[in-house]
file upload-v4.pdb (PDB, C-alpha atoms)
ATOM      1  CA  MET A   1      82.900 107.811  87.210  1.00  0.00           C
ATOM      2  CA  LYS A   2      83.162 107.742  91.005  1.00  0.00           C
ATOM      3  CA  SER A   3      85.802 109.710  92.829  1.00  0.00           C
ATOM      4  CA  TRP A   4      88.612 107.889  94.631  1.00  0.00           C
ATOM      5  CA  ASP A   5      87.056 108.659  98.045  1.00  0.00           C
ATOM      6  CA  GLU A   6      83.567 107.547  96.931  1.00  0.00           C
ATOM      7  CA  LEU A   7      84.944 104.279  95.607  1.00  0.00           C
ATOM      8  CA  LYS A   8      86.862 103.526  98.795  1.00  0.00           C
ATOM      9  CA  THR A   9      83.883 104.415 101.011  1.00  0.00           C
ATOM     10  CA  GLU A  10      81.559 102.129  99.034  1.00  0.00           C
ATOM     11  CA  CYS A  11      84.132  99.346  99.047  1.00  0.00           C
ATOM     12  CA  MET A  12      84.486  99.622 102.846  1.00  0.00           C
ATOM     13  CA  GLN A  13      80.754  98.995 103.190  1.00  0.00           C
ATOM     14  CA  CYS A  14      80.797  95.986 100.869  1.00  0.00           C
ATOM     15  CA  ARG A  15      79.260  92.729 102.071  1.00  0.00           C
ATOM     16  CA  ARG A  16      78.782  91.056  98.674  1.00  0.00           C
ATOM     17  CA  CYS A  17      80.586  87.936  99.867  1.00  0.00           C
ATOM     18  CA  LYS A  18      81.359  86.297 103.192  1.00  0.00           C
ATOM     19  CA  LEU A  19      84.902  87.730 103.302  1.00  0.00           C
ATOM     20  CA  GLY A  20      83.514  91.115 104.325  1.00  0.00           C
ATOM     21  CA  ASP A  21      82.162  89.565 107.522  1.00  0.00           C
ATOM     22  CA  THR A  22      85.490  88.117 108.657  1.00  0.00           C
ATOM     23  CA  ARG A  23      87.970  90.849 107.757  1.00  0.00           C
ATOM     24  CA  THR A  24      89.765  92.976 110.309  1.00  0.00           C
ATOM     25  CA  ASN A  25      90.449  95.730 107.761  1.00  0.00           C
ATOM     26  CA  LEU A  26      89.614  96.381 104.161  1.00  0.00           C
ATOM     27  CA  VAL A  27      92.801  96.223 102.071  1.00  0.00           C
ATOM     28  CA  PHE A  28      91.909  98.667  99.309  1.00  0.00           C
ATOM     29  CA  GLY A  29      95.323  99.395  97.827  1.00  0.00           C
ATOM     30  CA  VAL A  30      98.335 101.630  98.230  1.00  0.00           C
ATOM     31  CA  GLY A  31     100.660 103.753  96.155  1.00  0.00           C
ATOM     32  CA  ASN A  32     100.485 106.426  93.503  1.00  0.00           C
ATOM     33  CA  PRO A  33      96.849 106.867  92.361  1.00  0.00           C
ATOM     34  CA  ASN A  34      98.160 108.286  89.060  1.00  0.00           C
ATOM     35  CA  ALA A  35     100.671 105.516  88.399  1.00  0.00           C
ATOM     36  CA  ASP A  36     101.456 104.259  84.910  1.00  0.00           C
ATOM     37  CA  LEU A  37     102.308 100.864  86.443  1.00  0.00           C
ATOM     38  CA  MET A  38      99.946  98.812  88.618  1.00  0.00           C
ATOM     39  CA  PHE A  39     100.703  95.558  90.429  1.00  0.00           C
ATOM     40  CA  ILE A  40      97.808  93.263  91.330  1.00  0.00           C
ATOM     41  CA  GLY A  41      98.039  90.361  93.773  1.00  0.00           C
ATOM     42  CA  GLU A  42      95.421  87.791  94.720  1.00  0.00           C
ATOM     43  CA  GLY A  43      94.316  88.863  98.192  1.00  0.00           C
ATOM     44  CA  PRO A  44      95.439  90.069 101.589  1.00  0.00           C
ATOM     45  CA  GLY A  45      97.154  87.809 104.084  1.00  0.00           C
ATOM     46  CA  GLU A  46      97.157  88.055 107.853  1.00  0.00           C
ATOM     47  CA  GLN A  47      99.576  90.996 108.130  1.00  0.00           C
ATOM     48  CA  GLU A  48      97.782  92.871 105.357  1.00  0.00           C
ATOM     49  CA  ASP A  49      94.408  92.325 107.059  1.00  0.00           C
ATOM     50  CA  LEU A  50      95.824  93.648 110.348  1.00  0.00           C
ATOM     51  CA  ARG A  51      97.358  96.777 108.755  1.00  0.00           C
ATOM     52  CA  GLY A  52      94.840  97.426 105.984  1.00  0.00           C
ATOM     53  CA  GLU A  53      97.613  97.651 103.388  1.00  0.00           C
ATOM     54  CA  PRO A  54      98.660  95.184 100.649  1.00  0.00           C
ATOM     55  CA  PHE A  55     101.999  93.388 100.657  1.00  0.00           C
ATOM     56  CA  VAL A  56     103.330  94.325 104.109  1.00  0.00           C
ATOM     57  CA  GLY A  57     104.466  90.885 105.323  1.00  0.00           C
ATOM     58  CA  ARG A  58     107.478  88.869 104.168  1.00  0.00           C
ATOM     59  CA  ALA A  59     106.199  88.713 100.574  1.00  0.00           C
ATOM     60  CA  GLY A  60     105.692  92.488 100.615  1.00  0.00           C
ATOM     61  CA  GLN A  61     109.222  93.091 101.844  1.00  0.00           C
ATOM     62  CA  PHE A  62     110.475  90.859  99.051  1.00  0.00           C
ATOM     63  CA  LEU A  63     108.304  92.748  96.542  1.00  0.00           C
ATOM     64  CA  ASP A  64     109.961  95.980  97.705  1.00  0.00           C
ATOM     65  CA  GLN A  65     113.368  94.394  97.013  1.00  0.00           C
ATOM     66  CA  MET A  66     112.180  93.277  93.578  1.00  0.00           C
ATOM     67  CA  LEU A  67     111.019  96.817  92.782  1.00  0.00           C
ATOM     68  CA  ALA A  68     114.332  98.263  93.966  1.00  0.00           C
ATOM     69  CA  LEU A  69     116.155  96.006  91.492  1.00  0.00           C
ATOM     70  CA  ILE A  70     114.455  97.907  88.674  1.00  0.00           C
ATOM     71  CA  ASN A  71     114.712 101.333  90.311  1.00  0.00           C
ATOM     72  CA  LEU A  72     111.076 101.529  91.401  1.00  0.00           C
ATOM     73  CA  SER A  73     109.384 101.993  94.757  1.00  0.00           C
ATOM     74  CA  ARG A  74     105.833 101.962  96.070  1.00  0.00           C
ATOM     75  CA  ASP A  75     105.725 105.715  95.423  1.00  0.00           C
ATOM     76  CA  ASP A  76     106.031 105.041  91.669  1.00  0.00           C
ATOM     77  CA  ILE A  77     103.367 102.352  91.352  1.00  0.00           C
ATOM     78  CA  TYR A  78      99.962 101.331  92.675  1.00  0.00           C
ATOM     79  CA  ILE A  79      99.412  97.976  94.386  1.00  0.00           C
ATOM     80  CA  ALA A  80      96.018  96.311  94.773  1.00  0.00           C
ATOM     81  CA  ASN A  81      94.560  92.808  95.016  1.00  0.00           C
ATOM     82  CA  ILE A  82      91.862  90.836  93.247  1.00  0.00           C
ATOM     83  CA  VAL A  83      89.932  90.632  96.542  1.00  0.00           C
ATOM     84  CA  LYS A  84      90.014  93.361  99.169  1.00  0.00           C
ATOM     85  CA  CYS A  85      89.383  91.152 102.232  1.00  0.00           C
ATOM     86  CA  ARG A  86      91.498  88.310 103.619  1.00  0.00           C
ATOM     87  CA  PRO A  87      90.374  84.792 102.761  1.00  0.00           C
ATOM     88  CA  PRO A  88      90.416  82.598 105.909  1.00  0.00           C
ATOM     89  CA  ASN A  89      93.740  80.851 106.548  1.00  0.00           C
ATOM     90  CA  ASN A  90      95.212  82.631 103.499  1.00  0.00           C
ATOM     91  CA  ARG A  91      93.450  80.243 101.123  1.00  0.00           C
ATOM     92  CA  ASP A  92      93.002  81.191  97.468  1.00  0.00           C
ATOM     93  CA  PRO A  93      90.043  83.518  96.882  1.00  0.00           C
ATOM     94  CA  GLN A  94      87.076  81.493  95.626  1.00  0.00           C
ATOM     95  CA  PRO A  95      85.457  82.295  92.265  1.00  0.00           C
ATOM     96  CA  ASP A  96      82.377  83.906  93.853  1.00  0.00           C
ATOM     97  CA  GLU A  97      84.620  86.094  96.028  1.00  0.00           C
ATOM     98  CA  ARG A  98      86.696  87.173  93.041  1.00  0.00           C
ATOM     99  CA  THR A  99      83.529  87.993  91.100  1.00  0.00           C
ATOM    100  CA  ALA A 100      82.041  89.947  94.019  1.00  0.00           C
ATOM    101  CA  CYS A 101      85.194  92.073  94.244  1.00  0.00           C
ATOM    102  CA  SER A 102      85.833  92.549  90.530  1.00  0.00           C
ATOM    103  CA  GLU A 103      83.821  95.781  90.315  1.00  0.00           C
ATOM    104  CA  TRP A 104      86.117  97.406  92.887  1.00  0.00           C
ATOM    105  CA  LEU A 105      89.281  96.349  91.085  1.00  0.00           C
ATOM    106  CA  PHE A 106      88.079  97.445  87.659  1.00  0.00           C
ATOM    107  CA  ALA A 107      86.958 100.791  89.100  1.00  0.00           C
ATOM    108  CA  GLN A 108      90.455 101.216  90.588  1.00  0.00           C
ATOM    109  CA  ILE A 109      92.006 100.420  87.206  1.00  0.00           C
ATOM    110  CA  GLU A 110      89.712 102.960  85.537  1.00  0.00           C
ATOM    111  CA  LEU A 111      90.551 105.697  88.068  1.00  0.00           C
ATOM    112  CA  ILE A 112      94.301 105.047  88.134  1.00  0.00           C
ATOM    113  CA  ASN A 113      94.429 104.464  84.384  1.00  0.00           C
ATOM    114  CA  PRO A 114      97.770 102.617  84.379  1.00  0.00           C
ATOM    115  CA  ARG A 115      99.367 101.856  81.045  1.00  0.00           C
ATOM    116  CA  LEU A 116     100.991  98.666  82.345  1.00  0.00           C
ATOM    117  CA  ILE A 117      99.600  96.039  84.729  1.00  0.00           C
ATOM    118  CA  VAL A 118     101.595  93.269  86.389  1.00  0.00           C
ATOM    119  CA  CYS A 119      99.762  90.335  87.933  1.00  0.00           C
ATOM    120  CA  LEU A 120     101.570  88.923  90.942  1.00  0.00           C
ATOM    121  CA  GLY A 121     101.004  85.201  90.700  1.00  0.00           C
ATOM    122  CA  ARG A 122      98.761  82.669  89.088  1.00  0.00           C
ATOM    123  CA  ILE A 123      95.444  83.657  90.698  1.00  0.00           C
ATOM    124  CA  ALA A 124      95.631  87.286  89.564  1.00  0.00           C
ATOM    125  CA  ALA A 125      96.715  86.171  86.079  1.00  0.00           C
ATOM    126  CA  MET A 126      93.846  83.678  85.847  1.00  0.00           C
ATOM    127  CA  CYS A 127      91.400  86.447  86.797  1.00  0.00           C
ATOM    128  CA  LEU A 128      92.748  89.135  84.492  1.00  0.00           C
ATOM    129  CA  ILE A 129      94.589  87.469  81.614  1.00  0.00           C
ATOM    130  CA  ASN A 130      93.204  83.989  80.981  1.00  0.00           C
ATOM    131  CA  PRO A 131      91.310  81.507  83.204  1.00  0.00           C
ATOM    132  CA  ASP A 132      93.696  78.787  81.970  1.00  0.00           C
ATOM    133  CA  PHE A 133      96.850  80.852  82.607  1.00  0.00           C
ATOM    134  CA  LYS A 134      99.919  78.746  83.434  1.00  0.00           C
ATOM    135  CA  ILE A 135     102.383  80.860  85.392  1.00  0.00           C
ATOM    136  CA  THR A 136     105.282  78.472  84.786  1.00  0.00           C
ATOM    137  CA  ARG A 137     104.865  78.770  80.994  1.00  0.00           C
ATOM    138  CA  GLU A 138     103.417  82.231  80.465  1.00  0.00           C
ATOM    139  CA  HIS A 139     105.092  84.474  83.043  1.00  0.00           C
ATOM    140  CA  GLY A 140     106.719  87.563  81.577  1.00  0.00           C
ATOM    141  CA  GLN A 141     104.660  87.523  78.368  1.00  0.00           C
ATOM    142  CA  TRP A 142     102.947  90.836  77.608  1.00  0.00           C
ATOM    143  CA  THR A 143      99.441  90.885  76.182  1.00  0.00           C
ATOM    144  CA  PRO A 144      96.942  93.656  75.305  1.00  0.00           C
ATOM    145  CA  PHE A 145      94.469  94.561  78.036  1.00  0.00           C
ATOM    146  CA  LEU A 146      91.444  96.826  78.408  1.00  0.00           C
ATOM    147  CA  GLY A 147      91.737 100.395  77.191  1.00  0.00           C
ATOM    148  CA  GLY A 148      94.973 100.000  75.243  1.00  0.00           C
ATOM    149  CA  ARG A 149      96.949  98.811  78.248  1.00  0.00           C
ATOM    150  CA  GLU A 150      99.402  95.927  78.405  1.00  0.00           C
ATOM    151  CA  ILE A 151      99.413  93.226  81.050  1.00  0.00           C
ATOM    152  CA  THR A 152     101.820  90.512  82.165  1.00  0.00           C
ATOM    153  CA  ALA A 153     102.253  88.166  85.105  1.00  0.00           C
ATOM    154  CA  ILE A 154     105.246  87.234  87.203  1.00  0.00           C
ATOM    155  CA  TYR A 155     105.699  84.771  90.019  1.00  0.00           C
ATOM    156  CA  HIS A 156     104.155  85.895  93.287  1.00  0.00           C
ATOM    157  CA  PRO A 157     106.786  87.107  95.777  1.00  0.00           C
ATOM    158  CA  ALA A 158     105.625  84.455  98.274  1.00  0.00           C
ATOM    159  CA  ALA A 159     106.275  81.744  95.668  1.00  0.00           C
ATOM    160  CA  LEU A 160     109.772  83.139  95.129  1.00  0.00           C
ATOM    161  CA  LEU A 161     110.429  82.989  98.873  1.00  0.00           C
ATOM    162  CA  ARG A 162     109.384  79.314  98.858  1.00  0.00           C
ATOM    163  CA  ASP A 163     111.250  78.457  95.642  1.00  0.00           C
ATOM    164  CA  PRO A 164     114.365  80.602  95.078  1.00  0.00           C
ATOM    165  CA  ALA A 165     115.146  78.604  91.905  1.00  0.00           C
ATOM    166  CA  LYS A 166     112.505  80.730  90.105  1.00  0.00           C
ATOM    167  CA  ARG A 167     114.276  83.992  90.924  1.00  0.00           C
ATOM    168  CA  PRO A 168     116.577  84.148  87.847  1.00  0.00           C
ATOM    169  CA  GLU A 169     113.635  83.934  85.435  1.00  0.00           C
ATOM    170  CA  THR A 170     111.761  86.500  87.538  1.00  0.00           C
ATOM    171  CA  PHE A 171     114.735  88.842  87.236  1.00  0.00           C
ATOM    172  CA  VAL A 172     114.360  88.595  83.445  1.00  0.00           C
ATOM    173  CA  ASP A 173     110.649  89.413  83.827  1.00  0.00           C
ATOM    174  CA  LEU A 174     111.493  92.378  86.055  1.00  0.00           C
ATOM    175  CA  LYS A 175     113.928  93.717  83.454  1.00  0.00           C
ATOM    176  CA  SER A 176     111.147  93.441  80.858  1.00  0.00           C
ATOM    177  CA  ILE A 177     108.856  95.469  83.142  1.00  0.00           C
ATOM    178  CA  GLN A 178     111.624  98.026  83.596  1.00  0.00           C
ATOM    179  CA  ALA A 179     112.103  98.322  79.822  1.00  0.00           C
ATOM    180  CA  LYS A 180     108.368  98.756  79.150  1.00  0.00           C
ATOM    181  CA  TYR A 181     108.041 101.299  81.944  1.00  0.00           C
ATOM    182  CA  SER A 182     111.078 103.269  80.780  1.00  0.00           C
ATOM    183  CA  ALA A 183     109.654 103.402  77.253  1.00  0.00           C
ATOM    184  CA  LEU A 184     106.435 105.090  78.388  1.00  0.00           C
TER     185      LEU A 184
END
call {"tool": "encode", "arguments": {"input": "upload-v4.pdb", "output": "structure tokens"}}
result
Amino acid sequence: MKSWDELKTECMQCRRCKLGDTRTNLVFGVGNPNADLMFIGEGPGEQEDLRGEPFVGRAGQFLDQMLALINLSRDDIYIANIVKCRPPNNRDPQPDERTACSEWLFAQIELINPRLIVCLGRIAAMCLINPDFKITREHGQWTPFLGGREITAIYHPAALLRDPAKRPETFVDLKSIQAKYSAL
């Protein structure tokens, strides 16, 4: 198994897909590298690409508020994305880009060894839970994942900013995450 520094150095040199050629910064991940709880989004946006850190724009600020509701902070968890480089114009990462980046994400999961994983949004859930995942129907449902872990998906914070009507059901999902985390 690679060390954390080796993994990040190799990832910074990655040019497996065209996203590596257009990024400003690699957005590797942030948080507690020994966390029991990992959040995974789809990919960096403009602010994330500029800072080299996931979830720092409006959606990231909202994610921080969501975490605070269940007595968590970025110091308690680890946050990463399916792809480590910003897709142009914040479009969804394409299948070849997700595949090219999957080795980095799975190596992060192996090194962090979280017991719980939360996918932020449909794209992450389709990559990690089920290619046919329907966020409107399946959010908040826990399922077994690699290595005895459990995984779920919730609405992406950006989607909740666009559609506040989904916030009550997300609060229920957050309470479920809190209960699972507290039981560890």
call {"tool": "closest_residue", "arguments": {"input": "upload-v4.pdb", "among": "A:Glu169, A:Asp21, A:Asp76, A:Glu10", "to": "Arg137 (chain A)", "atoms": "all atoms listed in the file"}}
result
A:Glu169
call {"tool": "residues_near_point", "arguments": {"input": "upload-v4.pdb", "point": "(92.4, 95.0, 77.8)", "cutoff": "12 Å", "atoms": "all atoms listed in the file", "output": "JSON, numbers by chain"}}
result
{"A": [106, 109, 110, 113, 114, 115, 116, 117, 128, 129, 130, 142, 143, 144, 145, 146, 147, 148, 149, 150, 151, 152]}
call {"tool": "resolve_selection", "arguments": {"input": "upload-v4.pdb", "expression": "the PyMOL selection byres ((chain A and resi 97-101) around 9)", "output": "list in words"}}
result
Cys11, Cys14, Arg15, Arg16, Cys17, Lys18, Leu19, Glu42, Ile82, Val83, Lys84, Pro87, Pro93, Gln94, Pro95, Asp96, Ser102, Glu103, Trp104, Leu105, Phe106 and Cys127 of chain A
call {"tool": "resolve_selection", "arguments": {"input": "upload-v4.pdb", "expression": "the PyMOL selection byres ((chain A and resi 32) around 7)", "output": "list in words"}}
result
Gly31, Pro33, Asn34, Ala35, Asp75, Asp76, Ile77 and Tyr78 of chain A
call {"tool": "atom_distance", "arguments": {"input": "upload-v4.pdb", "atom1": "CA of Cys85 (chain A)", "atom2": "CA of Thr9 (chain A)"}}
result
14.4 Å
call {"tool": "resolve_selection", "arguments": {"input": "upload-v4.pdb", "expression": "the PyMOL selection byres ((chain A and resi 123) around 8)", "output": "VMD selection string"}}
result
chain A and resid 41 to 42 92 121 to 122 124 to 127
call {"tool": "build_atoms", "arguments": {"input": "upload-v4.pdb", "residues": "region 11-23 of chain A", "atoms": "N, CA and C atoms", "output": "compact mmCIF listing (two decimals), in the frame of the given file"}}
result
# COMPACT_ATOMS: atom_id res chain seq x y z
N CYS A 11 83.45 100.63 98.90
CA CYS A 11 84.13 99.35 99.05
C CYS A 11 84.20 98.95 100.52
N MET A 12 84.41 99.92 101.42
CA MET A 12 84.49 99.62 102.85
C MET A 12 83.16 99.09 103.39
N GLN A 13 82.07 99.44 102.74
CA GLN A 13 80.75 99.00 103.19
C GLN A 13 80.33 97.68 102.54
N CYS A 14 81.15 97.16 101.65
CA CYS A 14 80.80 95.99 100.87
C CYS A 14 80.61 94.75 101.74
N ARG A 15 79.53 94.02 101.45
CA ARG A 15 79.26 92.73 102.07
C ARG A 15 78.70 91.77 101.00
N ARG A 16 79.25 91.88 99.79
CA ARG A 16 78.78 91.06 98.67
C ARG A 16 79.14 89.59 98.83
N CYS A 17 80.20 89.33 99.62
CA CYS A 17 80.59 87.94 99.87
C CYS A 17 80.91 87.79 101.35
N LYS A 18 81.13 86.58 101.77
CA LYS A 18 81.36 86.30 103.19
C LYS A 18 82.69 86.84 103.72
N LEU A 19 83.62 87.20 102.84
CA LEU A 19 84.90 87.73 103.30
C LEU A 19 84.74 89.05 104.04
N GLY A 20 83.75 89.84 103.66
CA GLY A 20 83.51 91.12 104.32
C GLY A 20 83.13 90.96 105.79
N ASP A 21 82.59 89.81 106.14
CA ASP A 21 82.16 89.56 107.52
C ASP A 21 83.31 89.13 108.42
N THR A 22 84.40 88.67 107.84
CA THR A 22 85.49 88.12 108.66
C THR A 22 86.76 88.97 108.63
N ARG A 23 86.77 90.03 107.85
CA ARG A 23 87.97 90.85 107.76
C ARG A 23 88.18 91.68 109.01
